[in-house]
>>> print(open('upload.pdb').read())   # PDB, C-alpha atoms
ATOM      1  CA  MET A   1      14.180  27.436 -23.722
ATOM      2  CA  ARG A   2      12.765  25.020 -26.240
ATOM      3  CA  LYS A   3      14.989  21.951 -26.365
ATOM      4  CA  ILE A   4      15.836  20.918 -29.910
ATOM      5  CA  LEU A   5      18.110  17.980 -30.638
ATOM      6  CA  THR A   6      20.436  19.769 -33.046
ATOM      7  CA  ALA A   7      23.814  21.409 -32.878
ATOM      8  CA  GLY A   8      21.900  24.601 -32.070
ATOM      9  CA  LEU A   9      21.223  23.214 -28.572
ATOM     10  CA  ALA A  10      24.812  23.670 -27.483
ATOM     11  CA  ALA A  11      24.795  27.252 -28.718
ATOM     12  CA  ALA A  12      21.540  27.868 -26.863
ATOM     13  CA  VAL A  13      23.009  26.621 -23.602
ATOM     14  CA  LEU A  14      26.094  28.769 -24.020
ATOM     15  CA  LEU A  15      24.006  31.813 -24.816
ATOM     16  CA  SER A  16      21.738  31.287 -21.814
ATOM     17  CA  ALA A  17      24.754  31.104 -19.560
ATOM     18  CA  GLY A  18      25.939  34.393 -21.078
ATOM     19  CA  GLY A  19      22.815  36.257 -19.999
ATOM     20  CA  CYS A  20      20.442  35.977 -22.966
ATOM     21  CA  THR A  21      17.181  34.155 -23.482
ATOM     22  CA  VAL A  22      16.252  32.075 -26.480
ATOM     23  CA  GLU A  23      12.846  31.384 -27.998
ATOM     24  CA  ARG A  24      13.751  29.167 -30.953
ATOM     25  CA  HIS A  25      16.793  27.932 -32.875
ATOM     26  CA  TRP A  26      17.466  26.601 -36.304
ATOM     27  CA  GLY A  27      20.431  24.555 -37.503
ATOM     28  CA  GLY A  28      23.182  25.575 -39.897
ATOM     29  CA  ASN A  29      25.917  28.164 -39.969
ATOM     30  CA  THR A  30      25.697  29.721 -43.417
ATOM     31  CA  ASN A  31      23.853  32.830 -44.574
ATOM     32  CA  SER A  32      21.747  32.577 -47.722
ATOM     33  CA  GLY A  33      20.250  36.065 -48.081
ATOM     34  CA  GLY A  34      19.582  36.878 -51.701
ATOM     35  CA  ALA A  35      20.022  33.264 -52.832
ATOM     36  CA  GLY A  36      16.344  32.411 -53.002
ATOM     37  CA  GLY A  37      16.552  30.602 -49.682
ATOM     38  CA  LYS A  38      14.324  30.528 -46.630
ATOM     39  CA  ALA A  39      14.455  33.562 -44.342
ATOM     40  CA  LYS A  40      16.038  32.943 -40.950
ATOM     41  CA  VAL A  41      15.104  35.883 -38.787
ATOM     42  CA  GLY A  42      16.757  36.623 -35.453
ATOM     43  CA  LEU A  43      15.310  39.227 -33.116
ATOM     44  CA  VAL A  44      17.435  40.803 -30.370
ATOM     45  CA  THR A  45      15.521  42.964 -27.879
ATOM     46  CA  LYS A  46      16.708  44.962 -24.883
ATOM     47  CA  THR A  47      14.923  42.639 -22.440
ATOM     48  CA  ASP A  48      12.390  39.820 -22.640
ATOM     49  CA  THR A  49      10.228  41.084 -19.765
ATOM     50  CA  ASN A  50       9.212  44.639 -20.683
ATOM     51  CA  PRO A  51       5.666  44.352 -22.141
ATOM     52  CA  TYR A  52       6.672  46.475 -25.125
ATOM     53  CA  PHE A  53       9.385  44.019 -26.164
ATOM     54  CA  VAL A  54       7.121  41.071 -25.379
ATOM     55  CA  GLU A  55       4.665  42.523 -27.909
ATOM     56  CA  LEU A  56       7.446  43.150 -30.429
ATOM     57  CA  ARG A  57       8.630  39.552 -30.106
ATOM     58  CA  ALA A  58       5.123  38.101 -30.373
ATOM     59  CA  ALA A  59       4.353  40.160 -33.474
ATOM     60  CA  ALA A  60       7.649  39.227 -35.138
ATOM     61  CA  SER A  61       7.121  35.540 -34.339
ATOM     62  CA  ALA A  62       3.598  35.595 -35.775
ATOM     63  CA  ALA A  63       4.736  37.426 -38.910
ATOM     64  CA  ALA A  64       7.590  34.951 -39.420
ATOM     65  CA  GLN A  65       5.229  31.989 -39.079
ATOM     66  CA  ALA A  66       2.731  33.554 -41.480
ATOM     67  CA  ASN A  67       5.427  34.135 -44.072
ATOM     68  CA  GLY A  68       7.251  30.813 -43.800
ATOM     69  CA  ALA A  69      10.355  32.152 -42.079
ATOM     70  CA  ASP A  70      12.347  30.557 -39.273
ATOM     71  CA  PHE A  71      12.511  32.705 -36.142
ATOM     72  CA  SER A  72      14.763  33.042 -33.100
ATOM     73  CA  ALA A  73      14.293  35.594 -30.305
ATOM     74  CA  LEU A  74      17.103  36.640 -27.967
ATOM     75  CA  ALA A  75      17.340  39.343 -25.317
ATOM     76  CA  GLY A  76      19.636  40.902 -22.791
ATOM     77  CA  GLN A  77      18.983  40.408 -19.101
ATOM     78  CA  PHE A  78      18.156  44.080 -18.514
ATOM     79  CA  ASP A  79      17.772  47.403 -20.316
ATOM     80  CA  GLY A  80      21.369  48.422 -20.967
ATOM     81  CA  ASP A  81      22.834  44.900 -21.214
ATOM     82  CA  ASN A  82      25.026  45.752 -24.182
ATOM     83  CA  ASP A  83      27.346  42.756 -23.751
ATOM     84  CA  GLY A  84      24.366  40.404 -23.800
ATOM     85  CA  GLN A  85      23.182  41.888 -27.091
ATOM     86  CA  VAL A  86      26.646  41.571 -28.627
ATOM     87  CA  ARG A  87      26.734  37.879 -27.665
ATOM     88  CA  ALA A  88      23.264  37.438 -29.147
ATOM     89  CA  ILE A  89      24.322  38.944 -32.488
ATOM     90  CA  GLU A  90      27.403  36.743 -32.627
ATOM     91  CA  ASN A  91      25.322  33.677 -31.809
ATOM     92  CA  LEU A  92      22.844  34.479 -34.578
ATOM     93  CA  ILE A  93      25.645  34.909 -37.100
ATOM     94  CA  GLN A  94      26.958  31.455 -36.173
ATOM     95  CA  GLN A  95      23.464  29.983 -36.472
ATOM     96  CA  GLY A  96      23.130  31.240 -40.037
ATOM     97  CA  ALA A  97      20.624  34.065 -39.642
ATOM     98  CA  THR A  98      19.840  35.821 -42.906
ATOM     99  CA  THR A  99      18.395  38.844 -41.090
ATOM    100  CA  ILE A 100      18.885  40.258 -37.594
ATOM    101  CA  LEU A 101      16.294  42.629 -36.176
ATOM    102  CA  ILE A 102      17.612  44.519 -33.145
ATOM    103  CA  THR A 103      16.440  47.070 -30.596
ATOM    104  CA  PRO A 104      19.885  48.221 -29.421
ATOM    105  CA  SER A 105      20.286  48.987 -25.719
ATOM    106  CA  SER A 106      23.177  51.256 -26.642
ATOM    107  CA  SER A 107      23.040  53.074 -29.946
ATOM    108  CA  THR A 108      26.813  52.754 -30.306
ATOM    109  CA  GLY A 109      27.754  49.745 -28.182
ATOM    110  CA  VAL A 110      26.725  47.072 -30.685
ATOM    111  CA  LEU A 111      28.187  48.657 -33.814
ATOM    112  CA  ASP A 112      31.187  46.335 -34.123
ATOM    113  CA  ALA A 113      28.983  43.244 -33.824
ATOM    114  CA  ILE A 114      26.518  44.680 -36.364
ATOM    115  CA  ASP A 115      29.402  45.391 -38.742
ATOM    116  CA  ARG A 116      30.562  41.771 -38.463
ATOM    117  CA  ALA A 117      27.057  40.576 -39.211
ATOM    118  CA  ARG A 118      26.691  42.747 -42.293
ATOM    119  CA  LYS A 119      30.108  41.678 -43.589
ATOM    120  CA  ALA A 120      28.896  38.081 -43.214
ATOM    121  CA  GLY A 121      25.995  38.854 -45.546
ATOM    122  CA  VAL A 122      23.340  39.322 -42.850
ATOM    123  CA  LEU A 123      20.700  42.017 -43.335
ATOM    124  CA  VAL A 124      20.528  44.090 -40.126
ATOM    125  CA  ILE A 125      17.458  46.172 -39.310
ATOM    126  CA  ALA A 126      17.034  48.336 -36.217
ATOM    127  CA  LEU A 127      13.571  48.259 -34.651
ATOM    128  CA  ASP A 128      12.316  50.911 -32.209
ATOM    129  CA  THR A 129      15.785  52.327 -31.442
ATOM    130  CA  ALA A 130      18.102  53.820 -34.044
ATOM    131  CA  THR A 131      21.848  53.275 -34.063
ATOM    132  CA  GLU A 132      24.394  56.072 -34.166
ATOM    133  CA  PRO A 133      25.167  56.555 -36.946
ATOM    134  CA  ALA A 134      21.909  55.431 -38.514
ATOM    135  CA  GLU A 135      23.888  54.021 -41.446
ATOM    136  CA  ALA A 136      25.370  51.347 -39.182
ATOM    137  CA  VAL A 137      22.323  49.221 -40.049
ATOM    138  CA  ASP A 138      20.697  48.645 -43.407
ATOM    139  CA  ALA A 139      17.398  50.226 -42.329
ATOM    140  CA  THR A 140      15.400  51.321 -39.292
ATOM    141  CA  PHE A 141      11.695  50.702 -38.608
ATOM    142  CA  ALA A 142      10.703  52.799 -35.621
ATOM    143  CA  THR A 143       8.675  55.560 -34.066
ATOM    144  CA  ASP A 144       9.961  59.042 -34.800
ATOM    145  CA  ASN A 145      10.856  59.470 -31.140
ATOM    146  CA  PHE A 146      11.648  63.164 -31.415
ATOM    147  CA  ALA A 147       8.168  63.715 -32.844
ATOM    148  CA  ALA A 148       6.608  61.555 -30.090
ATOM    149  CA  GLY A 149       8.378  63.592 -27.420
ATOM    150  CA  GLN A 150       7.323  66.769 -29.169
ATOM    151  CA  GLN A 151       3.690  65.609 -29.107
ATOM    152  CA  GLN A 152       3.917  64.943 -25.376
ATOM    153  CA  GLY A 153       5.515  68.339 -24.740
ATOM    154  CA  ALA A 154       2.954  70.179 -26.851
ATOM    155  CA  TYR A 155       0.135  68.489 -24.960
ATOM    156  CA  VAL A 156       1.566  69.340 -21.519
ATOM    157  CA  LYS A 157       2.126  72.953 -22.607
ATOM    158  CA  ALA A 158      -1.446  73.240 -23.886
ATOM    159  CA  ALA A 159      -2.834  71.662 -20.707
ATOM    160  CA  LEU A 160      -0.938  74.164 -18.525
ATOM    161  CA  GLY A 161      -2.348  77.036 -20.544
ATOM    162  CA  SER A 162      -0.915  80.348 -19.414
ATOM    163  CA  THR A 163       0.662  78.827 -16.282
ATOM    164  CA  PRO A 164       4.468  78.621 -16.537
ATOM    165  CA  PRO A 165       5.777  75.058 -16.206
ATOM    166  CA  LYS A 166       7.520  73.826 -13.085
ATOM    167  CA  LEU A 167       8.822  70.571 -14.420
ATOM    168  CA  PHE A 168      10.324  67.261 -13.357
ATOM    169  CA  MET A 169      11.904  65.144 -16.100
ATOM    170  CA  VAL A 170      12.009  61.371 -15.615
ATOM    171  CA  ASP A 171      14.434  60.123 -18.263
ATOM    172  CA  GLY A 172      15.337  56.672 -19.539
ATOM    173  CA  THR A 173      18.770  55.184 -20.208
ATOM    174  CA  ALA A 174      21.615  57.621 -20.747
ATOM    175  CA  GLY A 175      23.111  57.313 -24.215
ATOM    176  CA  SER A 176      20.058  55.696 -25.794
ATOM    177  CA  THR A 177      18.834  57.458 -28.924
ATOM    178  CA  VAL A 178      15.244  56.811 -27.833
ATOM    179  CA  ASP A 179      15.846  58.590 -24.538
ATOM    180  CA  THR A 180      17.716  61.475 -26.152
ATOM    181  CA  GLN A 181      15.183  61.982 -28.927
ATOM    182  CA  ARG A 182      12.145  61.854 -26.644
ATOM    183  CA  HIS A 183      13.820  64.149 -24.108
ATOM    184  CA  THR A 184      14.783  66.777 -26.674
ATOM    185  CA  GLY A 185      11.466  66.406 -28.483
ATOM    186  CA  PHE A 186       9.539  67.022 -25.268
ATOM    187  CA  LEU A 187      11.545  70.171 -24.520
ATOM    188  CA  SER A 188      10.909  71.381 -28.059
ATOM    189  CA  GLY A 189       7.180  70.751 -27.675
ATOM    190  CA  ILE A 190       6.886  72.517 -24.331
ATOM    191  CA  GLY A 191       9.204  75.332 -25.445
ATOM    192  CA  LEU A 192      12.137  74.891 -23.058
ATOM    193  CA  ALA A 193      15.850  74.164 -23.334
ATOM    194  CA  ASP A 194      18.016  71.887 -21.203
ATOM    195  CA  GLY A 195      19.099  73.773 -18.109
ATOM    196  CA  ALA A 196      16.083  76.082 -18.143
ATOM    197  CA  PRO A 197      15.061  77.308 -14.658
ATOM    198  CA  GLU A 198      11.582  75.866 -15.229
ATOM    199  CA  ILE A 199      13.125  72.378 -14.940
ATOM    200  CA  LYS A 200      13.072  71.770 -11.192
ATOM    201  CA  GLY A 201      14.683  68.346 -11.263
ATOM    202  CA  SER A 202      15.515  65.322 -13.378
ATOM    203  CA  THR A 203      16.277  61.663 -12.715
ATOM    204  CA  PRO A 204      17.281  58.707 -14.891
ATOM    205  CA  ALA A 205      15.159  55.590 -14.444
ATOM    206  CA  ASN A 206      16.303  53.182 -17.191
ATOM    207  CA  GLY A 207      12.729  52.479 -18.236
ATOM    208  CA  ASP A 208      11.942  50.900 -14.860
ATOM    209  CA  GLN A 209       8.886  51.599 -12.709
ATOM    210  CA  SER A 210      10.452  51.140  -9.275
ATOM    211  CA  THR A 211      13.571  53.113 -10.246
ATOM    212  CA  ALA A 212      11.347  55.976 -11.413
ATOM    213  CA  GLN A 213       9.374  55.931  -8.178
ATOM    214  CA  GLN A 214      12.533  56.080  -6.076
ATOM    215  CA  GLY A 215      14.028  58.811  -8.254
ATOM    216  CA  VAL A 216      10.935  61.011  -8.048
ATOM    217  CA  GLU A 217      10.682  60.444  -4.291
ATOM    218  CA  ASN A 218      14.227  61.776  -4.048
ATOM    219  CA  LEU A 219      13.364  64.804  -6.186
ATOM    220  CA  LEU A 220      10.310  65.548  -4.037
ATOM    221  CA  GLN A 221      12.539  65.795  -0.970
ATOM    222  CA  ARG A 222      14.032  68.893  -2.604
ATOM    223  CA  THR A 223      10.807  70.501  -3.838
ATOM    224  CA  THR A 224       7.109  69.772  -4.236
ATOM    225  CA  ASP A 225       6.475  73.028  -6.111
ATOM    226  CA  ILE A 226       5.882  71.416  -9.512
ATOM    227  CA  ASN A 227       2.988  71.299 -11.954
ATOM    228  CA  ALA A 228       4.257  69.112 -14.813
ATOM    229  CA  VAL A 229       6.176  65.879 -15.348
ATOM    230  CA  TYR A 230       7.773  64.353 -18.430
ATOM    231  CA  THR A 231       8.131  60.556 -18.350
ATOM    232  CA  MET A 232      10.023  58.691 -21.055
ATOM    233  CA  ASN A 233       7.765  55.627 -20.970
ATOM    234  CA  GLU A 234       4.668  54.308 -19.235
ATOM    235  CA  PRO A 235       6.292  52.056 -16.589
ATOM    236  CA  MET A 236       8.174  55.149 -15.423
ATOM    237  CA  GLY A 237       4.897  57.078 -15.560
ATOM    238  CA  ARG A 238       3.340  54.566 -13.171
ATOM    239  CA  GLY A 239       6.301  54.804 -10.812
ATOM    240  CA  THR A 240       6.147  58.587 -10.932
ATOM    241  CA  TYR A 241       2.420  58.537 -10.199
ATOM    242  CA  ALA A 242       3.001  56.355  -7.124
ATOM    243  CA  ALA A 243       5.570  58.823  -5.787
ATOM    244  CA  LEU A 244       3.304  61.810  -6.428
ATOM    245  CA  LYS A 245       0.266  60.076  -4.926
ATOM    246  CA  ALA A 246       2.142  59.339  -1.704
ATOM    247  CA  ARG A 247       2.712  63.096  -1.337
ATOM    248  CA  GLY A 248      -0.866  64.019  -2.324
ATOM    249  CA  LEU A 249       0.360  65.910  -5.389
ATOM    250  CA  THR A 250      -1.419  64.195  -8.270
ATOM    251  CA  GLY A 251      -4.168  66.817  -8.494
ATOM    252  CA  GLN A 252      -1.704  69.617  -9.284
ATOM    253  CA  ILE A 253       0.349  67.780 -11.934
ATOM    254  CA  VAL A 254      -0.002  67.515 -15.719
ATOM    255  CA  MET A 255       1.948  64.371 -16.632
ATOM    256  CA  GLY A 256       2.508  62.855 -20.042
ATOM    257  CA  SER A 257       4.146  59.641 -21.184
ATOM    258  CA  ILE A 258       4.962  57.599 -24.294
ATOM    259  CA  ASP A 259       4.255  53.981 -25.266
ATOM    260  CA  GLY A 260       0.583  53.256 -25.929
ATOM    261  CA  GLY A 261       0.471  49.916 -24.165
ATOM    262  CA  CYS A 262      -2.992  48.796 -23.095
ATOM    263  CA  GLU A 263      -2.038  49.244 -19.443
ATOM    264  CA  GLY A 264      -0.823  52.754 -20.198
ATOM    265  CA  VAL A 265      -4.020  53.673 -22.031
ATOM    266  CA  GLN A 266      -5.982  52.402 -19.040
ATOM    267  CA  ASN A 267      -3.744  54.549 -16.809
ATOM    268  CA  VAL A 268      -4.831  57.576 -18.850
ATOM    269  CA  ARG A 269      -8.478  56.546 -18.546
ATOM    270  CA  ASP A 270      -8.028  56.172 -14.772
ATOM    271  CA  GLY A 271      -6.414  59.596 -14.493
ATOM    272  CA  GLN A 272      -2.899  58.536 -13.496
ATOM    273  CA  TYR A 273      -1.521  60.756 -16.234
ATOM    274  CA  ALA A 274      -3.183  63.142 -18.631
ATOM    275  CA  ALA A 275      -1.949  61.721 -21.923
ATOM    276  CA  THR A 276       0.295  59.138 -23.509
ATOM    277  CA  VAL A 277       1.726  58.957 -27.006
ATOM    278  CA  MET A 278       0.979  55.616 -28.633
ATOM    279  CA  GLN A 279       3.533  53.875 -30.806
ATOM    280  CA  PHE A 280       3.060  50.722 -32.843
ATOM    281  CA  PRO A 281       5.556  47.913 -32.147
ATOM    282  CA  LYS A 282       3.467  45.377 -34.064
ATOM    283  CA  LYS A 283       3.901  47.416 -37.231
ATOM    284  CA  MET A 284       7.668  47.662 -36.667
ATOM    285  CA  ALA A 285       7.994  43.906 -36.203
ATOM    286  CA  GLU A 286       5.788  42.995 -39.155
ATOM    287  CA  GLN A 287       7.561  45.354 -41.529
ATOM    288  CA  GLY A 288      10.938  44.097 -40.353
ATOM    289  CA  VAL A 289       9.996  40.462 -40.935
ATOM    290  CA  LEU A 290       8.517  41.201 -44.377
ATOM    291  CA  ALA A 291      11.771  42.940 -45.337
ATOM    292  CA  ALA A 292      13.701  39.890 -44.102
ATOM    293  CA  VAL A 293      11.577  37.545 -46.215
ATOM    294  CA  GLU A 294      12.059  39.717 -49.292
ATOM    295  CA  TYR A 295      15.813  39.810 -48.716
ATOM    296  CA  ALA A 296      16.017  36.024 -48.479
ATOM    297  CA  LYS A 297      14.028  35.652 -51.716
ATOM    298  CA  THR A 298      15.531  38.368 -53.901
ATOM    299  CA  GLY A 299      18.454  40.022 -52.113
ATOM    300  CA  THR A 300      16.565  43.325 -52.029
ATOM    301  CA  LYS A 301      17.376  45.383 -48.951
ATOM    302  CA  PRO A 302      15.294  48.103 -47.287
ATOM    303  CA  SER A 303      17.028  51.382 -46.497
ATOM    304  CA  GLY A 304      16.758  54.541 -44.443
ATOM    305  CA  PHE A 305      14.401  55.457 -41.622
ATOM    306  CA  ASN A 306      10.848  54.152 -41.841
ATOM    307  CA  ASN A 307       8.489  55.938 -39.427
ATOM    308  CA  THR A 308       5.768  53.695 -37.990
ATOM    309  CA  GLY A 309       3.820  56.590 -36.497
ATOM    310  CA  SER A 310       2.602  57.917 -33.125
ATOM    311  CA  VAL A 311      -0.729  59.205 -31.759
ATOM    312  CA  VAL A 312      -1.594  61.207 -28.625
ATOM    313  CA  ILE A 313      -4.132  59.370 -26.437
ATOM    314  CA  THR A 314      -6.126  61.415 -23.923
ATOM    315  CA  ASN A 315      -9.634  61.969 -22.626
ATOM    316  CA  LYS A 316      -8.842  65.662 -22.169
ATOM    317  CA  PRO A 317      -8.173  66.915 -25.701
ATOM    318  CA  MET A 318      -6.365  70.237 -26.099
ATOM    319  CA  PRO A 319      -6.700  72.813 -28.889
ATOM    320  CA  GLY A 320      -3.945  72.498 -31.453
ATOM    321  CA  VAL A 321      -2.930  68.963 -30.395
ATOM    322  CA  GLU A 322      -4.301  66.110 -32.506
ATOM    323  CA  SER A 323      -5.402  63.209 -30.332
ATOM    324  CA  GLN A 324      -7.616  60.166 -29.940
ATOM    325  CA  ASN A 325      -9.583  59.175 -26.839
ATOM    326  CA  THR A 326      -8.986  56.113 -24.696
ATOM    327  CA  ASP A 327     -11.775  54.143 -26.433
ATOM    328  CA  TRP A 328      -9.748  54.374 -29.637
ATOM    329  CA  GLY A 329      -6.601  53.752 -27.644
ATOM    330  CA  LEU A 330      -7.895  50.515 -26.139
ATOM    331  CA  GLN A 331      -8.889  49.295 -29.590
ATOM    332  CA  ASN A 332      -5.423  49.966 -31.015
ATOM    333  CA  CYS A 333      -3.083  49.447 -28.055
ATOM    334  CA  TRP A 334      -0.531  46.701 -27.661
ATOM    335  CA  GLY A 335      -0.131  44.236 -24.795
ATOM    336  CA  GLU A 336      -2.745  42.624 -22.558
ATOM    337  CA  LYS A 337      -6.113  44.372 -22.375
TER     338      LYS A 337
END
>>> encode(input="upload.pdb", output="structure tokens")
Amino acid sequence: MRKILTAGLAAAVLLSAGGCTVERHWGGNTNSGGAGGKAKVGLVTKTDTNPYFVELRAAASAAAQANGADFSALAGQFDGDNDGQVRAIENLIQQGATTILITPSSSTGVLDAIDRARKAGVLVIALDTATEPAEAVDATFATDNFAAGQQQGAYVKAALGSTPPKLFMVDGTAGSTVDTQRHTGFLSGIGLADGAPEIKGSTPANGDQSTAQQGVENLLQRTTDINAVYTMNEPMGRGTYAALKARGLTGQIVMGSIDGGCEGVQNVRDGQYAATVMQFPKKMAEQGVLAAVEYAKTGTKPSGFNNTGSVVITNKPMPGVESQNTDWGLQNCWGEK
């Protein structure tokens, strides 16, 4: 936590004790959106350790600096820390944020806090994860997660060819729109419905590598007769791969994932999974900050869902599935290369 000798220091200490982390604070407790004032942008992510959210925060911070906006980054302690995100929103309102960018851990759990922020004149934009209802925020900048899941499912189906799927599903956090949309998109792409007999097992892993590994190890105690795996994100893909490798099953599995981090693209290159679907957190963050700056200057608000795109990355392209190879992926990925 950067120590700043202002009244914001006390708020920072209180917030840290409540389970959030703070990158930067500004002084003041009034909102000036639309009054020609300086943009004060607060970002609230699910965690501050997941590489995806690290990239989102870094991109938002850089965009704020480039556009003359103040910036503060807060996060929950873990994926699913709804109370921590609520405290972060309330803290940002008190600090005088003109815009709050948020990746909600729960699509419904932060709605009351978002409503208070908007009533206080704060522009609220969802990044990466939509709220339910979507109209709870002013706008959303995110991957079309249903489409990303559909791309993964279509790839796995094409890679299996005429072989019927025998599928494990490694899901994320229950109740998250990202998890739900990717899950249902994947099933649409592979041509199955929830409860289909081709689904041999499923486990929630909350986006975590070790949780995914343990969950898949448990599933493999029931059956090893599988040929395909859906993973909601790349850390869970790595955990799944570790569990499969320990059983000597990697050669019989077509596994896909979603994220497009540099580590994930390298995983594809190394053969840990057949494909990943790249998303673009830098674009989400930059567009969110630019909207915040415009709101502070003119009062103009963005609206609706703004799709930031997704691309299948694989070195084993399949007919009918648009994709790029891992060379392209490593040039366009996010995170450490």
>>> resolve_selection(input="upload.pdb", expression="the PyMOL selection byres ((chain A and resi 57) around 12)", output="number ranges by chain")
A: 22-24, 41-56, 58-64, 71-75, 101-103, 127, 281-286, 288-289, 334-335
>>> residues_near_point(input="upload.pdb", point="(7.8, 56.5, -32.4)", cutoff="8 Å", atoms="all atoms listed in the file", output="NGL selection string")
:A and (128 or 142-148 or 278-280 or 307-310)
>>> axis_aligned_box(input="upload.pdb", around="segment 299-304 of chain A", padding_each_side="5 Å", output="AutoDock Vina command-line options")
--center_x 16.9 --center_y 47.3 --center_z -48.3 --size_x 13.2 --size_y 24.5 --size_z 17.7
>>> atom_distance(input="upload.pdb", atom1="atom CA of Lys119 of chain A", atom2="atom CA of Thr298 of chain A")
18.2 Å
>>> atom_distance(input="upload.pdb", atom1="atom CA of Ser176 of chain A", atom2="atom CA of Gly189 of chain A")
19.9 Å
>>> atom_distance(input="upload.pdb", atom1="atom CA of Pro204 of chain A", atom2="atom CA of Pro104 of chain A")
18.1 Å
>>> residues_near_point(input="upload.pdb", point="(31.9, 44.7, -26.0)", cutoff="9 Å", atoms="all atoms listed in the file", output="PDB file with C-alpha atoms, in the coordinates of the input")
ATOM      1  CA  ASN A  82      25.026  45.752 -24.182  1.00  0.00           C
ATOM      2  CA  ASP A  83      27.346  42.756 -23.751  1.00  0.00           C
ATOM      3  CA  GLY A  84      24.366  40.404 -23.800  1.00  0.00           C
ATOM      4  CA  VAL A  86      26.646  41.571 -28.627  1.00  0.00           C
ATOM      5  CA  ARG A  87      26.734  37.879 -27.665  1.00  0.00           C
ATOM      6  CA  GLY A 109      27.754  49.745 -28.182  1.00  0.00           C
ATOM      7  CA  VAL A 110      26.725  47.072 -30.685  1.00  0.00           C
ATOM      8  CA  ASP A 112      31.187  46.335 -34.123  1.00  0.00           C
ATOM      9  CA  ALA A 113      28.983  43.244 -33.824  1.00  0.00           C
TER      10      ALA A 113
END
>>> closest_residue(input="upload.pdb", among="A:Ile125, A:Ala242, A:Ile100, A:Ile199", to="Asn306 of chain A", atoms="only C-alpha atoms")
A:Ile125
>>> closest_residue(input="upload.pdb", among="A:Leu192, A:Leu220, A:Met232, A:Ala154", to="Asp179 of chain A", atoms="only C-alpha atoms")
A:Met232
>>> closest_residue(input="upload.pdb", among="A:Ala136, A:Leu330, A:Ala196, A:Ala39", to="Phe168 of chain A", atoms="all atoms listed in the file")
A:Ala196
>>> closest_residue(input="upload.pdb", among="A:Gln65, A:Asn233, A:Thr140, A:Thr180", to="Ser303 of chain A", atoms="only C-alpha atoms")
A:Thr140
